[in-house]
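Below is one structure, written out as structure tokens; the observations come after it.
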Amino acid sequence: MRKENKNSVFQTLGKLRPYVKEHRFDTYMTWIMVLLESVCEVLVAYFMQFLIDSVKAGDGDAIIRFAIIIASMAMVAALTGIMAGYYSASAAAGFGKNMREAMFVKIQDFSFENIDKFSTSSIVTRTTTDVTNVQNAFLMIIRAVIRAPFMMIFSLTMCFVTRWQLAWIYLIIVPFVFAALIVIASLAHPTFVKIFEKYDVLNEEVQENVDGMRVVKSFNLQKKENEKFRKISDFIYRNFVKAERLLAFNGPSLNLAVYGATIAIAIFGAITIVNSGGTEMSVGALSTMITYTMMIMMSLMMVSMVYVMIIIARNSAERIVELVDEKPAIVSPENPVTEIKDGSVEFKNVNFAYNADKYVLKNVNLSFKSGTTVGIIGSTGSSKTTLISLIARLYDVKEGEVKVGGVNVKEYDLTVLRDNVAVVLQKNTLFTGTIKENLMWGNENATEEELWHATDIAQASEFIRSFPDGMNTMIVEGGGNVSGGQKQRLCIARALLKNPKILILDDTTSACDTATDAMIRKQLAAVRPDITKFIISQRILSIKDCDEILVMNEGEVIGRGTDAELRKNCDVYQELVVSQMKGGDFDAAE
């Protein structure tokens with residue numbers, strides 16, 4: 001379970017502020033335009049009283065003069081409003097772009113330990129839905145939320161200028177509205193936190209269902225999956241309804257304030273006009289006071305609407321900050337070693353645990369010379385993959401040390417280390433693009449000759465040439481248009497293009513037939529004998545010719561030697577041979 005984000009609202013905002021970056025000018029221009037727009041709108045209402053009084057007095061010159069002033073102010077307000085919209089849209093879009101990029105770049109630096117803390121669906125939600133929520137809130141903040149205080153301050157000021165004896169009404173109404181907003185927001189925020197946590201589960205369910213569609217259909221479990229989705233969706237629906245019911249009080253509270261202020265201004269204003277015969281307050285002034293009432297209350301209404309968005313965005317902002325605040329568990333040292341002399345590997349008193357209370361590797365002491373081919377076999381869950389993950393620092397040891405080329409892997413620059421340690425996983429991924437583009441992930445400067453040489457070793461050239469477009473054949477998302485064996489061979493070729501000193505094949509030929517598997521191993525031994533190779537497999541035939549074989553069980557190496565030696569002195573290895581050879585003579589594996 002992830003640690004709850006403890007940042008305050010202001011800390012969260014402070015950590016998001018740098019992502020405005022080069023869009024600060026657009027933000028400042030938005031504020032200037034909003035300021036001018038607000039001033040002009042308030043002045044339109046102010047001069048309107050003189051126009052009304054001029055009409056009542058029949059003063060034609062004054063009517064024309066004030067009409068021109070009002071029209072000019074209205075045009076300036078319209079122009080500055082358009083400019084504010086332009087600048088605010090640019091600033092908000094840039095802000096969202098920078099947040100997405102910051103998260104994506106941060107994710108690239110994550111170790112497997114960091115990735116394990118965030119599910120894939122949660123990361124997708126944070127980089128899409130959460131960024132959109134914060135971006136929209138930012139757009140409203142720099143325009144609507146800034147405009148509302150301006151309008152309120154200017155309107156209140158002009159109210160006191162017009163008739164200060166009636167302006168006290170606003171000093172009662174405005175605090176009431178703000179108090180209502182704060183209470184509603186404090187009650188609604190926890191519900192939105194639950195909703196967005198559940199969104200992660202919803203996205204994960206959709207992702208797993210789409211990825212596993214063939215399995216779902218083959219087991220005819222569509223109804224079961226639909227029911228799981230419905231339960232999650234219903235939870236989100238119920239909590240959204242709960243939150244919206246709380247937020248629904250915004251409208252009635254503000255309407256009550258607007259109508260109350262309007263009625264109070266109208267009553268007291270009318271009384272003043274009647275009692276003074278229009279000397280203390282004119283009809284135009286009363287009209288302007290009512291207009292200011294609407295402006296003030298509409299500003300509060302605007303704040304209310306934006307506040308709802310901010311409540312939603314607050315949780316999204318916290319989730320974004322949580323991800324960008326995450327410190328990569330594995331980083332390069334300050335003065336890293338930038339050269340690996342050879343592919344020798346040593347495990348010295350290594351212990352490792354994913355959880356502090358349970359070690360999955362225990363007291364591992366191993367040493368291999370450069371160019372050695374090492375086979376690793378063992379039951380599922382025996383920590384074979386965990387062992388080889390320590391070589392490339394996909395995880396760090398908890399105790400002991402792992403050395404490559406005689407140097408502790410923690411002393412190397414990460415890029416240098418991982419360029420020299422190529423890992424091909426059983427479920428390695430191909431990306432959308434051509435076969436050539438996927439292969440060049442291993443070496444972006446690889447020549448055509450180098451590409452074909454790597455695919456020859458990986459036994460992939462034949463099926464690549466069978467495609468009409470050859471190397472330019474498009475690979476769909478996840479490599480869905482090639483077979484499992486073809487995908488694995490392309491991934492081996494991609495790793496070889498790195499020209500590594502150490503090559504790790506983690507059950508990489510499991511989808512290949514035994515003949516292809518044998519050809520790959522033969523080519524690797526003949527063409528690249530200098531590479532130290534670690535071959536993890538469940539098949540005896542895939543590792544029997546290795547220089548050395550490790551037999552693992554429950555995180556410990558319980559057997560080590562050649563195929564012939566292990567057949568004589570390792571019971572677990574003997575059982576594996578017997579089970580795979582269907583009880584035949586051990587020599588059947590030859």
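Each chain in the structure tokens gets a letter, A, B, ..., in the order shown, and its residues are numbered from 1; ligands are numbered from 1 in order too.
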
Would you please give, as a ChimeraX atom specification, all residues of stretch 257-475 of chain A that DSSP assigns to helix (DSSP H, G or I) based on the backbone?
/A:257-276,283-325,384-389,409-411,414-420,435-439,448-457,461-466,470-472

*asked:* Taking 2 positions as the minimum chain separation for residues in the same chain, which residues sit within 10 Å of A:Met295 when counting only C-alpha atoms? Answer as JSON, numbers by chain.
replied: {"A": [41, 42, 45, 148, 151, 152, 154, 155, 156, 258, 289, 290, 291, 292, 293, 297, 298, 299, 300, 301]}

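Closest approach to A:Leu366 among A:Arg393, A:Arg521, A:Arg560, A:Lys568: A:Arg560, based on only C-alpha atoms.
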
Quiz item: Please, which residues of stretch 408-502 of chain A, numbered as in this document, come out strand (DSSP E) from DSSP, as an MDAnalysis selection string?
Solution: chainID A and resid 408 421:424 433:434 474:475 502

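Closest approach to A:Ile312 from the set A:Leu361, A:Ile153, A:Val423, A:Ala137 is made by A:Ala137, with distances taken over only C-alpha atoms.
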
Do a neighbour search on A:Glu448 at 12 Å with only C-alpha atoms, toss out local chain neighbours closer than 4 positions, and write the hits as an mmCIF file with C-alpha atoms, in the first residue's frame.
```cif
data_model
loop_
_atom_site.group_PDB
_atom_site.id
_atom_site.type_symbol
_atom_site.label_atom_id
_atom_site.label_comp_id
_atom_site.auth_asym_id
_atom_site.auth_seq_id
_atom_site.Cartn_x
_atom_site.Cartn_y
_atom_site.Cartn_z
ATOM 1 C CA LYS A 436 13.690 -2.228 -37.827
ATOM 2 C CA GLU A 437 12.662 0.499 -35.371
ATOM 3 C CA LEU A 439 15.581 -3.665 -33.286
ATOM 4 C CA MET A 440 17.299 -0.282 -33.220
ATOM 5 C CA ASN A 443 21.550 0.356 -31.116
ATOM 6 C CA GLU A 444 20.077 3.414 -32.794
ATOM 7 C CA TRP A 452 20.703 -8.768 -40.208
ATOM 8 C CA HIS A 453 23.694 -10.240 -38.359
ATOM 9 C CA ALA A 454 21.832 -9.975 -35.044
ATOM 10 C CA THR A 455 18.660 -11.502 -36.513
ATOM 11 C CA MET A 471 12.391 -5.108 -41.876
ATOM 12 C CA ASN A 472 9.779 -2.409 -42.524
ATOM 13 C CA LEU A 497 22.650 -5.148 -31.013
#
```

Give me, as a list in words, all polymer residues having an atom no more than 12 Å from A:Ile68, counting only C-alpha atoms and skipping those fewer than 4 positions away in the same chain.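 These residues fall inside the cut-off: Val44, Phe47, Met48, Leu51, Asp61, Ala62, Ile63, Ile64, Ser72, Met73, Ala74 and Met75 of chain A.
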
I need the chosen residues saved as a compact mmCIF listing (two decimals), in the first residue's frame, with C-alpha atoms.
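Final file, result_21.txt:
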```
# COMPACT_ATOMS: atom_id res chain seq x y z
CA VAL A 44 -20.01 50.32 -17.43
CA PHE A 47 -21.76 55.21 -15.82
CA MET A 48 -25.07 53.49 -16.49
CA LEU A 51 -27.18 57.56 -18.52
CA ASP A 61 -25.88 65.79 -24.85
CA ALA A 62 -25.36 63.89 -21.64
CA ILE A 63 -27.13 60.84 -23.11
CA ILE A 64 -24.77 60.79 -26.10
CA SER A 72 -16.14 52.28 -25.34
CA MET A 73 -15.83 50.54 -22.00
CA ALA A 74 -17.87 47.59 -23.27
CA MET A 75 -15.64 47.23 -26.35
```
